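Worksheet: the structure to be examined is printed underneath.
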Amino acid sequence: MNSYIYLDVELKLKEESSAVLTPAYFQGSIESSLVGFFGEIGGQTELELLKFDCAQKRAILKVAKEFSSKTRAAITLIGRYQDIPCHFAILKTSEKPLQL
């Protein structure tokens with residue numbers, strides 16, 4: 001039985017000129033949101049960035065099933081990326097990474 005959920009996440013920025021888009025910043029923004037909304041327990045969520053596309057501002061994330069609902073909530077509640085207004089969208093979820 002697979003104990004992970006895979007998320008296809010896209011970042012939409014209001015202003016793209018000054019944003020530094022890297023896998024570390026992308027994942028860090030999500031982890032910061034988890035800690036901000038769910039405290040230290042949320043910060044201990046196992047979150048792995050499997051694939052990152054800078055041009056499309058998209059990533060494939062792997063998260064444990066038990067934390068998937070908290071992770072999805074934290075992602076959708078992010079409103080700023082490097083002090084730039086933004087919106088994170090979860091485009092697709094799957095139990096198998098090849099289905100994304």
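All residue names refer to the structure tokens as shown: chains lettered A, B, ... in order, residues numbered from 1 in each chain, ligands numbered from 1 in order.
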
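Every protein or nucleic acid residue with an atom no more than 8 Å from range 20-23 of chain A, counting only C-alpha atoms and leaving out same-chain residues fewer than 3 positions away, appears here: Phe26, Gln27, Leu49, Phe52, Cys54, Lys57 and Gln82 of chain A.
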
Next item on the list: Select from chain A everything DSSP, run on the backbone, classes as alpha helix (DSSP H), then give the selection as an MDAnalysis selection string.
Entry: chainID A and resid 23:43 68:76

Those same residues - N, CA and C atoms - I'd like them written as a PDB file, in the first residue's frame.
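See part17.pdb below for the written result:
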ATOM      1  N   PRO A  23      14.062  25.832  -6.410  1.00  0.00           N
ATOM      2  CA  PRO A  23      13.400  24.749  -5.681  1.00  0.00           C
ATOM      3  C   PRO A  23      13.425  24.969  -4.162  1.00  0.00           C
ATOM      4  N   ALA A  24      14.525  25.494  -3.645  1.00  0.00           N
ATOM      5  CA  ALA A  24      14.641  25.713  -2.196  1.00  0.00           C
ATOM      6  C   ALA A  24      13.644  26.759  -1.700  1.00  0.00           C
ATOM      7  N   TYR A  25      13.507  27.868  -2.412  1.00  0.00           N
ATOM      8  CA  TYR A  25      12.536  28.897  -2.022  1.00  0.00           C
ATOM      9  C   TYR A  25      11.109  28.371  -2.145  1.00  0.00           C
ATOM     10  N   PHE A  26      10.829  27.634  -3.203  1.00  0.00           N
ATOM     11  CA  PHE A  26       9.490  27.081  -3.434  1.00  0.00           C
ATOM     12  C   PHE A  26       9.093  26.165  -2.281  1.00  0.00           C
ATOM     13  N   GLN A  27       9.943  25.205  -1.973  1.00  0.00           N
ATOM     14  CA  GLN A  27       9.668  24.270  -0.890  1.00  0.00           C
ATOM     15  C   GLN A  27       9.670  24.980   0.461  1.00  0.00           C
ATOM     16  N   GLY A  28      10.575  25.918   0.647  1.00  0.00           N
ATOM     17  CA  GLY A  28      10.650  26.666   1.899  1.00  0.00           C
ATOM     18  C   GLY A  28       9.392  27.464   2.175  1.00  0.00           C
ATOM     19  N   SER A  29       8.797  28.004   1.136  1.00  0.00           N
ATOM     20  CA  SER A  29       7.561  28.761   1.284  1.00  0.00           C
ATOM     21  C   SER A  29       6.431  27.854   1.804  1.00  0.00           C
ATOM     22  N   ILE A  30       6.370  26.650   1.287  1.00  0.00           N
ATOM     23  CA  ILE A  30       5.346  25.691   1.722  1.00  0.00           C
ATOM     24  C   ILE A  30       5.618  25.228   3.156  1.00  0.00           C
ATOM     25  N   GLU A  31       6.862  24.942   3.461  1.00  0.00           N
ATOM     26  CA  GLU A  31       7.207  24.506   4.820  1.00  0.00           C
ATOM     27  C   GLU A  31       6.954  25.613   5.835  1.00  0.00           C
ATOM     28  N   SER A  32       7.230  26.851   5.459  1.00  0.00           N
ATOM     29  CA  SER A  32       6.962  27.988   6.336  1.00  0.00           C
ATOM     30  C   SER A  32       5.465  28.137   6.604  1.00  0.00           C
ATOM     31  N   SER A  33       4.659  27.908   5.588  1.00  0.00           N
ATOM     32  CA  SER A  33       3.212  27.966   5.752  1.00  0.00           C
ATOM     33  C   SER A  33       2.719  26.858   6.679  1.00  0.00           C
ATOM     34  N   LEU A  34       3.276  25.669   6.547  1.00  0.00           N
ATOM     35  CA  LEU A  34       2.908  24.551   7.434  1.00  0.00           C
ATOM     36  C   LEU A  34       3.198  24.897   8.892  1.00  0.00           C
ATOM     37  N   VAL A  35       4.356  25.478   9.156  1.00  0.00           N
ATOM     38  CA  VAL A  35       4.709  25.858  10.526  1.00  0.00           C
ATOM     39  C   VAL A  35       3.808  26.993  11.001  1.00  0.00           C
ATOM     40  N   GLY A  36       3.556  27.964  10.126  1.00  0.00           N
ATOM     41  CA  GLY A  36       2.733  29.102  10.503  1.00  0.00           C
ATOM     42  C   GLY A  36       1.306  28.730  10.862  1.00  0.00           C
ATOM     43  N   PHE A  37       0.716  27.801  10.155  1.00  0.00           N
ATOM     44  CA  PHE A  37      -0.678  27.436  10.391  1.00  0.00           C
ATOM     45  C   PHE A  37      -0.856  26.270  11.351  1.00  0.00           C
ATOM     46  N   PHE A  38       0.109  25.354  11.397  1.00  0.00           N
ATOM     47  CA  PHE A  38      -0.057  24.156  12.212  1.00  0.00           C
ATOM     48  C   PHE A  38       1.011  23.988  13.282  1.00  0.00           C
ATOM     49  N   GLY A  39       1.846  24.979  13.477  1.00  0.00           N
ATOM     50  CA  GLY A  39       2.858  24.946  14.527  1.00  0.00           C
ATOM     51  C   GLY A  39       3.974  23.952  14.246  1.00  0.00           C
ATOM     52  N   GLU A  40       4.643  23.569  15.298  1.00  0.00           N
ATOM     53  CA  GLU A  40       5.804  22.687  15.166  1.00  0.00           C
ATOM     54  C   GLU A  40       5.439  21.320  14.585  1.00  0.00           C
ATOM     55  N   ILE A  41       4.249  20.828  14.873  1.00  0.00           N
ATOM     56  CA  ILE A  41       3.822  19.543  14.313  1.00  0.00           C
ATOM     57  C   ILE A  41       3.721  19.668  12.790  1.00  0.00           C
ATOM     58  N   GLY A  42       3.162  20.758  12.317  1.00  0.00           N
ATOM     59  CA  GLY A  42       3.084  20.998  10.874  1.00  0.00           C
ATOM     60  C   GLY A  42       4.458  21.123  10.248  1.00  0.00           C
ATOM     61  N   GLY A  43       5.394  21.688  11.009  1.00  0.00           N
ATOM     62  CA  GLY A  43       6.757  21.837  10.508  1.00  0.00           C
ATOM     63  C   GLY A  43       7.504  20.520  10.391  1.00  0.00           C
ATOM     64  N   SER A  68      -1.433  14.928   4.194  1.00  0.00           N
ATOM     65  CA  SER A  68      -1.804  15.509   2.902  1.00  0.00           C
ATOM     66  C   SER A  68      -2.858  16.603   3.025  1.00  0.00           C
ATOM     67  N   SER A  69      -3.840  16.443   3.890  1.00  0.00           N
ATOM     68  CA  SER A  69      -4.875  17.481   4.001  1.00  0.00           C
ATOM     69  C   SER A  69      -4.304  18.757   4.616  1.00  0.00           C
ATOM     70  N   LYS A  70      -3.441  18.644   5.611  1.00  0.00           N
ATOM     71  CA  LYS A  70      -2.800  19.825   6.196  1.00  0.00           C
ATOM     72  C   LYS A  70      -1.885  20.503   5.182  1.00  0.00           C
ATOM     73  N   THR A  71      -1.166  19.710   4.412  1.00  0.00           N
ATOM     74  CA  THR A  71      -0.267  20.270   3.408  1.00  0.00           C
ATOM     75  C   THR A  71      -1.055  20.998   2.334  1.00  0.00           C
ATOM     76  N   ARG A  72      -2.135  20.413   1.876  1.00  0.00           N
ATOM     77  CA  ARG A  72      -2.975  21.067   0.865  1.00  0.00           C
ATOM     78  C   ARG A  72      -3.537  22.376   1.388  1.00  0.00           C
ATOM     79  N   ALA A  73      -3.983  22.382   2.627  1.00  0.00           N
ATOM     80  CA  ALA A  73      -4.512  23.610   3.223  1.00  0.00           C
ATOM     81  C   ALA A  73      -3.426  24.679   3.330  1.00  0.00           C
ATOM     82  N   ALA A  74      -2.248  24.288   3.803  1.00  0.00           N
ATOM     83  CA  ALA A  74      -1.149  25.244   3.952  1.00  0.00           C
ATOM     84  C   ALA A  74      -0.731  25.831   2.606  1.00  0.00           C
ATOM     85  N   ILE A  75      -0.737  25.007   1.564  1.00  0.00           N
ATOM     86  CA  ILE A  75      -0.355  25.483   0.225  1.00  0.00           C
ATOM     87  C   ILE A  75      -1.361  26.517  -0.281  1.00  0.00           C
ATOM     88  N   THR A  76      -2.630  26.233  -0.125  1.00  0.00           N
ATOM     89  CA  THR A  76      -3.647  27.146  -0.657  1.00  0.00           C
ATOM     90  C   THR A  76      -3.749  28.440   0.145  1.00  0.00           C
TER      91      THR A  76
END

Next item on the list: From chain A, collect each residue whose DSSP state is strand (DSSP E) and return the set as number ranges by chain.
Entry: A: 4-13, 47-53, 58-64, 80-81, 84-94

Next item on the list: Can you work out the spacing between CA of Glu66 in chain A and CA of Lys12 in chain A in Å, to one decimal?
Entry: 27.0 Å

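CA of Ala19 in chain A sits 24.4 Å away from CA of Lys92 in chain A.
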
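Closest to Thr45 in chain A among A:Leu91, A:Tyr4, A:Pro85, A:Glu15 is A:Tyr4, based on only C-alpha atoms.
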
Next item on the list: Do a neighbour search on Ala89 in chain A at 7 Å with only C-alpha atoms, toss out local chain neighbours closer than 4 positions, and write the hits as number ranges by chain.
Entry: A: 9-11, 76

Generate the output file for the selected residues, C-alpha atoms, as a tab-separated table (two decimals), in the first residue's frame.
chain	number	residue	atom	x	y	z
A	9	VAL	CA	1.58	22.57	-7.53
A	10	GLU	CA	1.78	25.78	-9.55
A	11	LEU	CA	2.84	29.24	-8.37
A	76	THR	CA	-3.65	27.15	-0.66

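Comparing the minimum interatomic distances between Gln99 in chain A and each of A:Leu7, A:Ala55, A:Asn2, A:His87, counting only C-alpha atoms, we find that A:Leu7 sits nearest.
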
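Separating CA of Thr93 in chain A from CA of Asp53 in chain A is a distance of 17.1 Å.
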
Check: Of the residues A:Leu13, A:Gln56, A:Glu46, A:Ala64, which is the one nearest to Ser94 in chain A, using only C-alpha atoms?
Finding: A:Ala64

Margin query: So that I can see what lies close to Glu48 in chain A, please list as a list in words the residues with an atom at most 8 Å from it, counting only C-alpha atoms and leaving out residues fewer than 4 positions away in the same chain.
Written below: Leu61, Lys62 and Val63 of chain A

Write the selection just made, keeping N, CA, C and O atoms, as an mmCIF file, in the first residue's frame?
data_model
loop_
_atom_site.group_PDB
_atom_site.id
_atom_site.type_symbol
_atom_site.label_atom_id
_atom_site.label_comp_id
_atom_site.auth_asym_id
_atom_site.auth_seq_id
_atom_site.Cartn_x
_atom_site.Cartn_y
_atom_site.Cartn_z
ATOM 1 N N LEU A 61 5.314 17.457 -5.643
ATOM 2 C CA LEU A 61 5.668 17.234 -4.245
ATOM 3 C C LEU A 61 5.170 15.870 -3.780
ATOM 4 O O LEU A 61 4.112 15.414 -4.200
ATOM 5 N N LYS A 62 5.938 15.262 -2.889
ATOM 6 C CA LYS A 62 5.562 13.983 -2.278
ATOM 7 C C LYS A 62 5.349 14.237 -0.791
ATOM 8 O O LYS A 62 6.211 14.799 -0.118
ATOM 9 N N VAL A 63 4.177 13.853 -0.297
ATOM 10 C CA VAL A 63 3.855 14.060 1.112
ATOM 11 C C VAL A 63 3.158 12.805 1.648
ATOM 12 O O VAL A 63 2.447 12.124 0.916
#
